[in-house]
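Undergrad: This is final_21.pdb (PDB, C-alpha atoms (C1' of nucleotides)).
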```pdb
MODEL        1
ATOM      1  CA  MET B   8       0.000   0.000   0.000
ATOM      2  CA  PHE B   9       1.209   3.475  -0.870
ATOM      3  CA  SER B  10       0.828   6.679   1.069
ATOM      4  CA  ILE B  11      -0.264   9.741  -0.862
ATOM      5  CA  GLY B  12       3.344  10.937  -0.868
ATOM      6  CA  ALA B  13       4.541   7.658  -2.351
ATOM      7  CA  MET B  14       1.889   7.991  -5.070
ATOM      8  CA  SER B  15       3.132  11.468  -5.742
ATOM      9  CA  ASP B  16       6.756  10.323  -6.007
ATOM     10  CA  ARG B  17       5.843   7.517  -8.374
ATOM     11  CA  THR B  18       3.664   9.535 -10.738
ATOM     12  CA  GLY B  19       4.953  13.080 -10.461
ATOM     13  CA  VAL B  20       1.482  14.300  -9.523
ATOM     14  CA  LYS B  21       1.649  16.620  -6.549
ATOM     15  CA  VAL B  22       0.028  15.598  -3.297
ATOM     16  CA  PRO B  23      -2.662  18.305  -3.230
ATOM     17  CA  THR B  24      -3.465  17.510  -6.844
ATOM     18  CA  ILE B  25      -4.087  13.879  -5.967
ATOM     19  CA  ARG B  26      -6.566  14.960  -3.324
ATOM     20  CA  TYR B  27      -8.099  17.305  -5.874
ATOM     21  CA  TYR B  28      -8.546  14.434  -8.329
ATOM     22  CA  GLU B  29     -10.296  12.467  -5.627
ATOM     23  CA  ASP B  30     -12.656  15.404  -5.022
ATOM     24  CA  MET B  31     -13.313  15.606  -8.749
ATOM     25  CA  GLY B  32     -14.186  11.937  -8.882
ATOM     26  CA  LEU B  33     -11.259  10.849 -11.054
ATOM     27  CA  LEU B  34      -9.883   8.710  -8.275
ATOM     28  CA  ALA B  35     -12.079   6.624  -5.995
ATOM     29  CA  PRO B  36     -11.869   7.729  -2.367
ATOM     30  CA  ALA B  37      -8.849   5.965  -0.935
ATOM     31  CA  GLU B  38      -8.876   3.559   1.954
ATOM     32  CA  ARG B  39      -7.743   5.111   5.211
ATOM     33  CA  THR B  40      -5.493   4.091   8.075
ATOM     34  CA  ALA B  41      -6.763   4.174  11.655
ATOM     35  CA  GLY B  42      -5.313   7.697  11.770
ATOM     36  CA  ASN B  43      -7.277   8.800   8.668
ATOM     37  CA  GLN B  44      -4.403   8.813   6.197
ATOM     38  CA  ARG B  45      -4.949   7.632   2.638
ATOM     39  CA  ARG B  46      -3.542   4.300   1.491
ATOM     40  CA  TYR B  47      -3.530   3.267  -2.147
ATOM     41  CA  GLY B  48      -3.177  -0.046  -3.971
ATOM     42  CA  ALA B  49      -1.659  -0.867  -7.344
ATOM     43  CA  ALA B  50      -4.904  -0.194  -9.218
ATOM     44  CA  ALA B  51      -5.024   3.369  -7.902
ATOM     45  CA  LEU B  52      -1.412   3.856  -8.948
ATOM     46  CA  ASP B  53      -2.239   2.694 -12.470
ATOM     47  CA  ARG B  54      -5.177   4.994 -12.633
ATOM     48  CA  LEU B  55      -3.212   7.966 -11.443
ATOM     49  CA  THR B  56      -0.546   7.214 -14.045
ATOM     50  CA  PHE B  57      -3.278   7.151 -16.678
ATOM     51  CA  ILE B  58      -4.659  10.478 -15.486
ATOM     52  CA  ARG B  59      -1.216  12.049 -15.421
ATOM     53  CA  HIS B  60      -0.468  10.973 -18.931
ATOM     54  CA  ALA B  61      -3.807  12.095 -20.274
ATOM     55  CA  ARG B  62      -3.378  15.487 -18.580
ATOM     56  CA  ASP B  63       0.094  15.791 -20.089
ATOM     57  CA  LEU B  64      -1.490  15.226 -23.459
ATOM     58  CA  GLY B  65      -3.900  18.048 -22.748
ATOM     59  CA  PHE B  66      -7.104  16.115 -22.085
ATOM     60  CA  THR B  67      -9.485  17.966 -19.799
ATOM     61  CA  ILE B  68     -10.543  16.516 -16.461
ATOM     62  CA  GLU B  69     -13.965  15.997 -17.964
ATOM     63  CA  ALA B  70     -12.631  14.038 -20.934
ATOM     64  CA  ILE B  71     -10.530  11.916 -18.608
ATOM     65  CA  ALA B  72     -13.529  11.209 -16.417
ATOM     66  CA  GLU B  73     -15.358  10.025 -19.494
ATOM     67  CA  LEU B  74     -12.467   7.829 -20.597
ATOM     68  CA  ILE B  75     -12.372   6.286 -17.142
ATOM     69  CA  SER B  76     -16.070   5.633 -17.084
ATOM     70  CA  LEU B  77     -15.831   4.067 -20.530
ATOM     71  CA  GLY B  78     -12.947   1.954 -19.280
ATOM     72  CA  ALA B  79     -15.235   0.422 -16.706
ATOM     73  CA  HIS B  80     -16.901  -1.548 -19.495
ATOM     74  CA  PRO B  81     -13.997  -3.158 -21.391
ATOM     75  CA  ASP B  82     -16.307  -5.306 -23.489
ATOM     76  CA  GLN B  83     -17.959  -2.267 -25.059
ATOM     77  CA  PRO B  84     -16.806  -0.929 -28.421
ATOM     78  CA  CYS B  85     -14.036   1.625 -28.236
ATOM     79  CA  ALA B  86     -15.552   4.137 -30.630
ATOM     80  CA  GLY B  87     -16.289   6.538 -27.774
ATOM     81  CA  ALA B  88     -12.744   6.562 -26.461
ATOM     82  CA  SER B  89     -11.415   6.898 -29.962
ATOM     83  CA  GLN B  90     -13.660   9.888 -30.567
ATOM     84  CA  ILE B  91     -12.524  11.638 -27.403
ATOM     85  CA  ALA B  92      -8.924  11.258 -28.502
ATOM     86  CA  ARG B  93      -9.729  12.526 -31.986
ATOM     87  CA  ASP B  94     -11.516  15.542 -30.519
ATOM     88  CA  GLN B  95      -8.451  16.248 -28.443
ATOM     89  CA  LEU B  96      -6.238  16.002 -31.508
ATOM     90  CA  ALA B  97      -8.483  18.400 -33.376
ATOM     91  CA  ASP B  98      -8.281  20.802 -30.460
ATOM     92  CA  VAL B  99      -4.502  20.611 -30.370
ATOM     93  CA  ARG B 100      -4.346  21.249 -34.102
ATOM     94  CA  ALA B 101      -6.584  24.279 -33.812
ATOM     95  CA  ARG B 102      -4.438  25.769 -31.081
ATOM     96  CA  LEU B 103      -1.347  24.938 -33.074
ATOM     97  CA  ALA B 104      -2.665  26.777 -36.103
ATOM     98  CA  ARG B 105      -3.466  29.826 -34.047
ATOM     99  CA  LEU B 106      -0.087  29.831 -32.339
ATOM    100  CA  GLN B 107       1.635  29.568 -35.683
ATOM    101  CA  ARG B 108      -0.161  32.671 -36.871
ATOM    102  CA  LEU B 109       0.832  34.460 -33.692
ATOM    103  CA  GLU B 110       4.400  33.433 -34.161
ATOM    104  CA  VAL B 111       4.492  34.937 -37.645
ATOM    105  CA  GLU B 112       3.069  38.225 -36.427
ATOM    106  CA  LEU B 113       5.240  38.464 -33.360
ATOM    107  CA  ASP B 114       8.318  37.634 -35.326
ATOM    108  CA  ARG B 115       7.496  40.358 -37.799
ATOM    109  CA  ILE B 116       6.860  42.822 -35.023
ATOM    110  CA  VAL B 117      10.027  41.982 -33.121
ATOM    111  CA  SER B 118      12.210  41.865 -36.200
ATOM    112  CA  GLY B 119      11.122  45.329 -37.214
ATOM    113  CA  CYS B 120      12.438  46.798 -33.972
ATOM    114  CA  SER B 121      16.085  47.295 -33.261
ATOM    115  CA  GLY B 122      15.356  48.236 -29.648
ATOM    116  CA  THR B 123      17.693  51.198 -29.952
ATOM    117  CA  GLY B 124      15.288  53.981 -30.938
ATOM    118  CA  THR B 125      12.837  55.874 -28.783
ATOM    119  CA  LEU B 126       9.359  54.669 -27.959
ATOM    120  CA  ASP B 127       7.455  57.212 -29.988
ATOM    121  CA  LYS B 128       8.912  55.685 -33.131
ATOM    122  CA  CYS B 129       8.888  52.129 -31.813
ATOM    123  CA  HIS B 130       7.758  49.552 -34.278
ATOM    124  CA  VAL B 131       6.487  47.292 -31.495
ATOM    125  CA  MET B 132       4.171  49.939 -30.114
ATOM    126  CA  ALA B 133       2.929  50.951 -33.553
ATOM    127  CA  ALA B 134       2.264  47.378 -34.568
ATOM    128  CA  LEU B 135       0.301  46.708 -31.402
ATOM    129  CA  ALA B 136      -1.722  49.848 -31.780
ATOM    130  CA  ASP B 137      -2.840  49.050 -35.275
ATOM    131  CA  HIS B 138      -4.055  45.701 -36.478
ATOM    132  CA  ASP B 139      -3.617  46.830 -40.079
ATOM    133  CA  HIS B 140       0.090  46.226 -39.668
ATOM    134  CA  CYS B 141      -0.683  42.515 -39.474
ATOM    135  CA  VAL B 142      -0.516  39.971 -42.228
ATOM    136  CA  THR B 143      -2.855  37.371 -40.791
ATOM    137  CA  GLU B 144      -6.096  37.355 -38.876
ATOM    138  CA  HIS B 145      -5.852  36.362 -35.259
TER     139      HIS B 145
ATOM    140  CA  MET V   8     -18.056  60.411 -26.592
ATOM    141  CA  PHE V   9     -18.734  56.696 -26.645
ATOM    142  CA  SER V  10     -20.809  54.617 -24.300
ATOM    143  CA  ILE V  11     -19.313  51.361 -23.103
ATOM    144  CA  GLY V  12     -21.475  49.496 -25.607
ATOM    145  CA  ALA V  13     -20.183  51.656 -28.463
ATOM    146  CA  MET V  14     -16.632  50.903 -27.328
ATOM    147  CA  SER V  15     -17.485  47.239 -27.321
ATOM    148  CA  ASP V  16     -18.930  47.387 -30.834
ATOM    149  CA  ARG V  17     -15.902  49.229 -32.167
ATOM    150  CA  THR V  18     -13.246  46.982 -30.638
ATOM    151  CA  GLY V  19     -14.918  43.616 -30.253
ATOM    152  CA  VAL V  20     -14.123  43.630 -26.533
ATOM    153  CA  LYS V  21     -17.152  42.592 -24.525
ATOM    154  CA  VAL V  22     -18.741  45.086 -22.186
ATOM    155  CA  PRO V  23     -17.961  43.270 -18.923
ATOM    156  CA  THR V  24     -14.406  42.780 -20.127
ATOM    157  CA  ILE V  25     -13.999  46.521 -20.612
ATOM    158  CA  ARG V  26     -15.088  47.064 -17.018
ATOM    159  CA  TYR V  27     -12.701  44.322 -15.967
ATOM    160  CA  TYR V  28      -9.827  46.095 -17.737
ATOM    161  CA  GLU V  29     -10.702  49.248 -15.873
ATOM    162  CA  ASP V  30     -10.601  47.335 -12.579
ATOM    163  CA  MET V  31      -7.229  45.904 -13.556
ATOM    164  CA  GLY V  32      -5.882  49.351 -14.287
ATOM    165  CA  LEU V  33      -5.400  48.891 -18.044
ATOM    166  CA  LEU V  34      -7.936  51.577 -18.776
ATOM    167  CA  ALA V  35      -8.190  54.766 -16.789
ATOM    168  CA  PRO V  36     -11.512  55.087 -14.972
ATOM    169  CA  ALA V  37     -13.893  56.572 -17.488
ATOM    170  CA  GLU V  38     -15.711  59.825 -17.107
ATOM    171  CA  ARG V  39     -19.307  59.416 -16.021
ATOM    172  CA  THR V  40     -22.623  60.919 -16.997
ATOM    173  CA  ALA V  41     -24.868  62.467 -14.356
ATOM    174  CA  GLY V  42     -26.495  59.033 -14.161
ATOM    175  CA  ASN V  43     -23.165  57.280 -13.508
ATOM    176  CA  GLN V  44     -22.682  55.743 -16.933
ATOM    177  CA  ARG V  45     -19.223  55.558 -18.502
ATOM    178  CA  ARG V  46     -18.316  57.851 -21.398
ATOM    179  CA  TYR V  47     -15.133  57.422 -23.384
ATOM    180  CA  GLY V  48     -13.122  59.637 -25.704
ATOM    181  CA  ALA V  49     -10.992  58.803 -28.711
ATOM    182  CA  ALA V  50      -7.869  58.175 -26.618
ATOM    183  CA  ALA V  51      -9.650  55.495 -24.612
ATOM    184  CA  LEU V  52     -10.811  53.882 -27.835
ATOM    185  CA  ASP V  53      -7.249  53.789 -29.120
ATOM    186  CA  ARG V  54      -6.040  52.294 -25.910
ATOM    187  CA  LEU V  55      -8.716  49.621 -25.895
ATOM    188  CA  THR V  56      -7.813  48.756 -29.476
ATOM    189  CA  PHE V  57      -4.205  48.424 -28.409
ATOM    190  CA  ILE V  58      -5.178  46.172 -25.517
ATOM    191  CA  ARG V  59      -7.393  44.052 -27.716
ATOM    192  CA  HIS V  60      -4.672  43.530 -30.236
ATOM    193  CA  ALA V  61      -2.051  42.726 -27.653
ATOM    194  CA  ARG V  62      -4.391  40.221 -25.974
ATOM    195  CA  ASP V  63      -5.064  38.625 -29.343
ATOM    196  CA  LEU V  64      -1.335  38.212 -29.704
ATOM    197  CA  GLY V  65      -1.258  36.470 -26.355
ATOM    198  CA  PHE V  66       0.304  39.155 -24.185
ATOM    199  CA  THR V  67      -0.706  38.881 -20.548
ATOM    200  CA  ILE V  68      -2.573  41.657 -18.796
ATOM    201  CA  GLU V  69       0.579  42.296 -16.827
ATOM    202  CA  ALA V  70       2.729  42.646 -19.946
ATOM    203  CA  ILE V  71       0.183  44.973 -21.483
ATOM    204  CA  ALA V  72       0.129  47.097 -18.352
ATOM    205  CA  GLU V  73       3.871  47.399 -18.630
ATOM    206  CA  LEU V  74       3.727  48.334 -22.310
ATOM    207  CA  ILE V  75       1.172  50.993 -21.486
ATOM    208  CA  SER V  76       3.246  52.432 -18.677
ATOM    209  CA  LEU V  77       6.276  52.492 -20.954
ATOM    210  CA  GLY V  78       4.170  54.219 -23.584
ATOM    211  CA  ALA V  79       3.615  57.088 -21.172
ATOM    212  CA  HIS V  80       7.226  58.171 -21.770
ATOM    213  CA  PRO V  81       7.571  58.266 -25.563
ATOM    214  CA  ASP V  82      10.988  59.905 -25.382
ATOM    215  CA  GLN V  83      12.487  56.947 -23.538
ATOM    216  CA  PRO V  84      14.338  54.200 -25.426
ATOM    217  CA  CYS V  85      12.169  51.389 -26.650
ATOM    218  CA  ALA V  86      14.396  48.550 -25.489
ATOM    219  CA  GLY V  87      11.917  47.640 -22.745
ATOM    220  CA  ALA V  88       8.964  47.320 -25.076
ATOM    221  CA  SER V  89      11.047  45.401 -27.529
ATOM    222  CA  GLN V  90      12.090  42.988 -24.800
ATOM    223  CA  ILE V  91       8.513  42.361 -23.711
ATOM    224  CA  ALA V  92       7.601  41.489 -27.265
ATOM    225  CA  ARG V  93      10.609  39.211 -27.601
ATOM    226  CA  ASP V  94       9.679  37.460 -24.366
ATOM    227  CA  GLN V  95       6.212  36.939 -25.706
ATOM    228  CA  LEU V  96       7.592  35.497 -28.911
ATOM    229  CA  ALA V  97       9.783  33.116 -26.929
ATOM    230  CA  ASP V  98       6.768  32.055 -24.931
ATOM    231  CA  VAL V  99       4.731  31.424 -28.057
ATOM    232  CA  ARG V 100       7.553  29.367 -29.510
ATOM    233  CA  ALA V 101       7.833  27.270 -26.373
ATOM    234  CA  ARG V 102       4.126  26.542 -26.394
ATOM    235  CA  LEU V 103       4.302  25.804 -30.078
ATOM    236  CA  ALA V 104       7.059  23.268 -29.555
ATOM    237  CA  ARG V 105       5.114  21.527 -26.835
ATOM    238  CA  LEU V 106       1.925  21.439 -28.860
ATOM    239  CA  GLN V 107       3.797  19.995 -31.810
ATOM    240  CA  ARG V 108       5.026  17.155 -29.646
ATOM    241  CA  LEU V 109       1.514  16.567 -28.400
ATOM    242  CA  GLU V 110       0.235  16.519 -31.930
ATOM    243  CA  VAL V 111       2.705  13.822 -32.902
ATOM    244  CA  GLU V 112       1.724  11.650 -29.957
ATOM    245  CA  LEU V 113      -1.992  12.143 -30.325
ATOM    246  CA  ASP V 114      -1.835  11.465 -34.014
ATOM    247  CA  ARG V 115       0.021   8.230 -33.367
ATOM    248  CA  ILE V 116      -2.465   7.239 -30.696
ATOM    249  CA  VAL V 117      -5.510   8.032 -32.800
ATOM    250  CA  SER V 118      -4.130   6.478 -35.959
ATOM    251  CA  GLY V 119      -3.492   3.211 -34.177
ATOM    252  CA  CYS V 120      -7.159   2.863 -33.314
ATOM    253  CA  SER V 121      -9.785   1.879 -35.834
ATOM    254  CA  GLY V 122     -12.567   2.585 -33.356
ATOM    255  CA  THR V 123     -14.194  -0.695 -34.260
ATOM    256  CA  GLY V 124     -12.733  -3.031 -31.637
ATOM    257  CA  THR V 125     -13.614  -3.379 -27.980
ATOM    258  CA  LEU V 126     -12.180  -1.233 -25.240
ATOM    259  CA  ASP V 127     -10.066  -3.884 -23.578
ATOM    260  CA  LYS V 128      -7.945  -4.005 -26.704
ATOM    261  CA  CYS V 129      -8.235  -0.314 -27.469
ATOM    262  CA  HIS V 130      -5.044   1.313 -28.568
ATOM    263  CA  VAL V 131      -6.136   4.671 -27.191
ATOM    264  CA  MET V 132      -6.645   3.323 -23.699
ATOM    265  CA  ALA V 133      -3.391   1.378 -23.766
ATOM    266  CA  ALA V 134      -1.422   4.342 -25.005
ATOM    267  CA  LEU V 135      -2.823   6.583 -22.304
ATOM    268  CA  ALA V 136      -2.135   4.033 -19.605
ATOM    269  CA  ASP V 137       1.504   3.694 -20.500
ATOM    270  CA  HIS V 138       3.851   6.515 -21.293
ATOM    271  CA  ASP V 139       6.328   4.021 -22.764
ATOM    272  CA  HIS V 140       4.153   3.918 -25.859
ATOM    273  CA  CYS V 141       5.228   7.481 -26.552
ATOM    274  CA  VAL V 142       7.961   8.640 -28.849
ATOM    275  CA  THR V 143       8.608  12.045 -27.310
ATOM    276  CA  GLU V 144       8.738  13.517 -23.877
ATOM    277  CA  HIS V 145       5.867  15.742 -22.908
TER     278      HIS V 145
ATOM    279  C1'  DC D  26      10.462   4.074  24.394
ATOM    280  C1'  DA D  27      10.639   9.059  24.051
ATOM    281  C1'  DT D  28      11.415  12.529  21.151
ATOM    282  C1'  DA D  29      11.982  14.832  16.786
ATOM    283  C1'  DA D  30      11.292  15.224  12.025
ATOM    284  C1'  DT D  31       8.488  14.320   8.462
ATOM    285  C1'  DT D  32       4.341  13.461   6.391
ATOM    286  C1'  DC D  33      -0.299  13.696   6.489
ATOM    287  C1'  DC D  34      -5.152  15.718   7.430
ATOM    288  C1'  DT D  35      -8.958  19.430   6.393
ATOM    289  C1'  DC D  36     -10.233  23.825   5.121
ATOM    290  C1'  DT D  37      -9.968  28.256   2.909
ATOM    291  C1'  DA D  38      -8.251  31.363  -0.429
ATOM    292  C1'  DG D  39      -5.869  32.741  -4.608
ATOM    293  C1'  DG D  40      -4.606  33.063  -9.553
ATOM    294  C1'  DG D  41      -5.515  34.534 -14.752
ATOM    295  C1'  DA D  42      -8.698  36.357 -17.654
ATOM    296  C1'  DC D  43     -12.624  36.557 -18.005
ATOM    297  C1'  DT D  44     -18.124  35.178 -18.093
ATOM    298  C1'  DA D  45     -22.805  34.851 -16.234
ATOM    299  C1'  DG D  46     -26.450  36.344 -13.592
ATOM    300  C1'  DA D  47     -29.293  39.034 -10.241
ATOM    301  C1'  DG D  48     -31.495  43.096  -9.169
ATOM    302  C1'  DG D  49     -31.867  47.690 -10.061
ATOM    303  C1'  DT D  50     -31.118  52.427 -12.711
ATOM    304  C1'  DT D  51     -30.507  55.491 -16.773
ATOM    305  C1'  DC D  52     -30.798  56.666 -21.358
ATOM    306  C1'  DA D  53     -32.679  57.401 -26.217
ATOM    307  C1'  DA D  54     -36.399  56.892 -29.341
ATOM    308  C1'  DG D  55     -41.087  57.513 -30.515
TER     309       DG D  55
ATOM    310  C1'  DC S  19     -44.140  60.206 -21.227
ATOM    311  C1'  DT S  20     -43.529  55.693 -21.795
ATOM    312  C1'  DT S  21     -41.175  51.790 -23.214
ATOM    313  C1'  DG S  22     -37.316  48.972 -23.989
ATOM    314  C1'  DA S  23     -32.591  48.729 -24.569
ATOM    315  C1'  DA S  24     -28.481  49.599 -22.464
ATOM    316  C1'  DC S  25     -26.293  50.569 -18.405
ATOM    317  C1'  DC S  26     -24.873  50.123 -13.233
ATOM    318  C1'  DT S  27     -22.742  47.208  -9.114
ATOM    319  C1'  DC S  28     -21.912  43.061  -6.936
ATOM    320  C1'  DT S  29     -21.287  38.209  -6.389
ATOM    321  C1'  DA S  30     -20.085  33.865  -7.988
ATOM    322  C1'  DG S  31     -18.479  30.607 -11.332
ATOM    323  C1'  DT S  32     -15.075  28.740 -14.912
ATOM    324  C1'  DC S  33     -10.486  25.581 -15.246
ATOM    325  C1'  DC S  34      -6.890  23.237 -12.911
ATOM    326  C1'  DC S  35      -4.632  23.447  -9.722
ATOM    327  C1'  DT S  36      -1.362  25.825  -5.806
ATOM    328  C1'  DA S  37      -0.355  27.851  -1.293
ATOM    329  C1'  DG S  38      -0.916  28.293   3.388
ATOM    330  C1'  DA S  39      -2.745  27.708   8.196
ATOM    331  C1'  DG S  40      -3.286  24.910  12.031
ATOM    332  C1'  DG S  41      -3.219  20.548  13.764
ATOM    333  C1'  DA S  42      -2.779  15.165  13.914
ATOM    334  C1'  DA S  43      -0.398  10.872  12.558
ATOM    335  C1'  DT S  44       3.493   8.369  11.236
ATOM    336  C1'  DT S  45       8.397   7.186  10.861
ATOM    337  C1'  DA S  46      13.205   7.615  12.092
ATOM    338  C1'  DT S  47      16.661   8.396  15.473
ATOM    339  C1'  DG S  48      18.852   8.170  19.984
TER     340       DG S  48
ENDMDL
END
```
Since I need it in another form, could you write the structure as structure tokens?

TA:
Amino acid sequence: MFSIGAMSDRTGVKVPTIRYYEDMGLLAPAERTAGNQRRYGAAALDRLTFIRHARDLGFTIEAIAELISLGAHPDQPCAGASQIARDQLADVRARLARLQRLEVELDRIVSGCSGTGTLDKCHVMAALADHDHCVTEH
Amino acid sequence: MFSIGAMSDRTGVKVPTIRYYEDMGLLAPAERTAGNQRRYGAAALDRLTFIRHARDLGFTIEAIAELISLGAHPDQPCAGASQIARDQLADVRARLARLQRLEVELDRIVSGCSGTGTLDKCHVMAALADHDHCVTEH
DNA sequence: CATAATTCCTCTAGGGACTAGAGGTTCAAG
DNA sequence: CTTGAACCTCTAGTCCCTAGAGGAATTATG
């Protein structure tokens, strides 16, 4: 059995975050010692590892909760889980596209400024003040 | 003079957000009518446009506040403003790099799953459960 | 076995950048 | 002058934690 600190060490999830996940229903309430401290088994460790990895990949708590509840019925078709992952991929791609546009604009803005002039002629300030300086929509 | 709604229409910043910016000190407290409603002049409109654009480019409220306070001294060198923009660009690039890694992983995970099998053999679930399935760090 | 150091408990609050809603007031048009 | 839209303040909620207070339990050391 693992203490909450041991779970934290093994997964890299911070102790308060583990308690938070329990509150959110991602982890079942842990067993307790006589002195009210949490004790976890191997299954809880696996689940926390799963949660950690899904969070690292950007899944929301809600999506993870759904994946977990789907996982409770292993004989069911996996279309639902697959869809959640595809939604997440689509979301990542959308954010990626937006960030790429930002990068272009910011690079243009920064490149246009030597940093040696005075602010009233500063390219950065002018570019921020006026969207028309931009190449892309954002 | 513009009402807060007119400001909103002209900049695309929502009305409660304009009030929020005032609370945060990005906008000077507006003049008021006898009935306590906000009235803005052209300078406030310009500033809100500036804020909007900077937010669209991902600058934090804090960074924008600093740009604005720098802008109050147009005769000063623009190195500070330039640095803020370069920091923002670096931040965007870091997030971009991370998202690109996520995209690779998610694409791999999703591609490996037809969505037609059952969950106990689901590639998505297995990949999430075990980081060792991954190619990159994230 | 006593003490000390560490870990654990619960609870509340904060953060960033808004957004939503309640309950009430003012303005502009007809 | 009346109606209806827009405005006001204030509180609370979103998301995903993180920090801290104040106190109890566990583990390590002497």

Undergrad: Starting from the PyMOL selection byres ((chain D) within 9 of (chain V)), expand the selection into actual residues of this file and give them as an NGL selection string.

TA: :D and (41-44 or 50-52)

Undergrad: Keeping only C-alpha atoms (C1' of nucleotides), write those residues as a JSON list (two decimals), in the frame of the given file.

TA:
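So part.json came out as:
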```
[["chain", "number", "residue", "atom", "x", "y", "z"],
["D", 41, "DG", "C1'", -5.52, 34.53, -14.75],
["D", 42, "DA", "C1'", -8.70, 36.36, -17.65],
["D", 43, "DC", "C1'", -12.62, 36.56, -18.00],
["D", 44, "DT", "C1'", -18.12, 35.18, -18.09],
["D", 50, "DT", "C1'", -31.12, 52.43, -12.71],
["D", 51, "DT", "C1'", -30.51, 55.49, -16.77],
["D", 52, "DC", "C1'", -30.80, 56.67, -21.36]]
```

Undergrad: Let me make sure I understand: among B:Gly32, B:Ala37, B:Thr125, B:Arg46, which one has the smallest atom-to-atom distance to B:Gly12 if we use only C-alpha atoms?

TA: B:Arg46

Undergrad: Tell me which protein, DNA and RNA residues are within 7 Å of stretch 48-52 of chain B, counting all atoms listed in the file, leaving out same-chain ones fewer than 6 positions away, and put them as a tab-separated table (two decimals) with C-alpha atoms, in the coordinates of the input.

TA:
```tsv
chain	number	residue	atom	x	y	z
B	8	MET	CA	0.00	0.00	0.00
B	9	PHE	CA	1.21	3.48	-0.87
B	14	MET	CA	1.89	7.99	-5.07
```

Undergrad: Give me, as a VMD selection string, the residues of chain S touching chain B, with the criterion being at most 12 Å (counting only C-alpha atoms (C1' of nucleotides)).

TA: chain S and resid 33 to 37 42 to 44

Undergrad: Should the cut-off be 7 Å, what would the residue list for chain B against chain V look like, counting all atoms listed in the file, as a PyMOL selection string?

TA: chain B and resi 56-57+60-61+63-64+78+81-86+88-89+92-93+96+99-100+103+106+109-110+113-114+117+120+122-127+129+131+135-136+138+145

Undergrad: Please, what is the axis-aligned box for every listed atom of stretch 33-40 of chain S with 5 Å on each side, as centre and edge lengths in Å to one decimal, as JSON?

TA:
```
{"center_x": -5.4, "center_y": 25.8, "center_z": -1.6, "size_x": 20.1, "size_y": 15.1, "size_z": 37.3}
```

Undergrad: Given the PyMOL selection byres ((chain D and resi 27) around 12) and the file above, list the residues it selects as a list in words.

TA: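 So the PyMOL selection byres ((chain D and resi 27) around 12) ends up selecting DC26, DT28 and DA29 of chain D; DT47 and DG48 of chain S.
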
Undergrad: Just the number, please: distance in Å from atom CA of V:Leu33 to atom CA of V:Ala72, one decimal.

TA: 5.8 Å

Undergrad: Work out how far atom CA of V:Arg115 is from atom CA of V:Thr143, in Å to one decimal.

TA: 11.2 Å

Undergrad: Would you write out, as a PyMOL selection string, every residue that the PyMOL selection byres ((chain S and resi 23) around 10) captures in this file?

TA: (chain D and resi 52-53) or (chain S and resi 21-22+24-25)

Undergrad: Distance atom CA of V:Cys141-atom CA of V:Ala101, one decimal place?

TA: 20.0 Å

Undergrad: Would you mind putting back N, CA and C atoms on stretch 37-48 of chain V, then writing it out as a compact mmCIF listing (two decimals), in the coordinates of the input?

TA:
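Produced file result_6.txt, reproduced below:
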```
# COMPACT_ATOMS: atom_id res chain seq x y z
N ALA V 37 -13.25 55.71 -16.50
CA ALA V 37 -13.89 56.57 -17.49
C ALA V 37 -14.62 57.71 -16.80
N GLU V 38 -14.80 58.78 -17.55
CA GLU V 38 -15.71 59.82 -17.11
C GLU V 38 -17.11 59.24 -16.98
N ARG V 39 -17.95 59.92 -16.21
CA ARG V 39 -19.31 59.42 -16.02
C ARG V 39 -20.34 60.48 -16.36
N THR V 40 -21.49 60.02 -16.81
CA THR V 40 -22.62 60.92 -17.00
C THR V 40 -23.21 61.24 -15.62
N ALA V 41 -24.18 62.15 -15.60
CA ALA V 41 -24.87 62.47 -14.36
C ALA V 41 -25.48 61.20 -13.76
N GLY V 42 -25.89 60.29 -14.62
CA GLY V 42 -26.50 59.03 -14.16
C GLY V 42 -25.50 57.91 -13.97
N ASN V 43 -24.21 58.24 -13.86
CA ASN V 43 -23.16 57.28 -13.51
C ASN V 43 -22.76 56.32 -14.62
N GLN V 44 -23.11 56.62 -15.85
CA GLN V 44 -22.68 55.74 -16.93
C GLN V 44 -21.37 56.23 -17.52
N ARG V 45 -20.55 55.25 -17.97
CA ARG V 45 -19.22 55.56 -18.50
C ARG V 45 -19.31 56.23 -19.87
N ARG V 46 -18.47 57.22 -20.08
CA ARG V 46 -18.32 57.85 -21.40
C ARG V 46 -16.84 57.93 -21.74
N TYR V 47 -16.54 57.51 -22.96
CA TYR V 47 -15.13 57.42 -23.38
C TYR V 47 -14.83 58.36 -24.54
N GLY V 48 -13.59 58.83 -24.58
CA GLY V 48 -13.12 59.64 -25.70
C GLY V 48 -12.27 58.82 -26.66
```
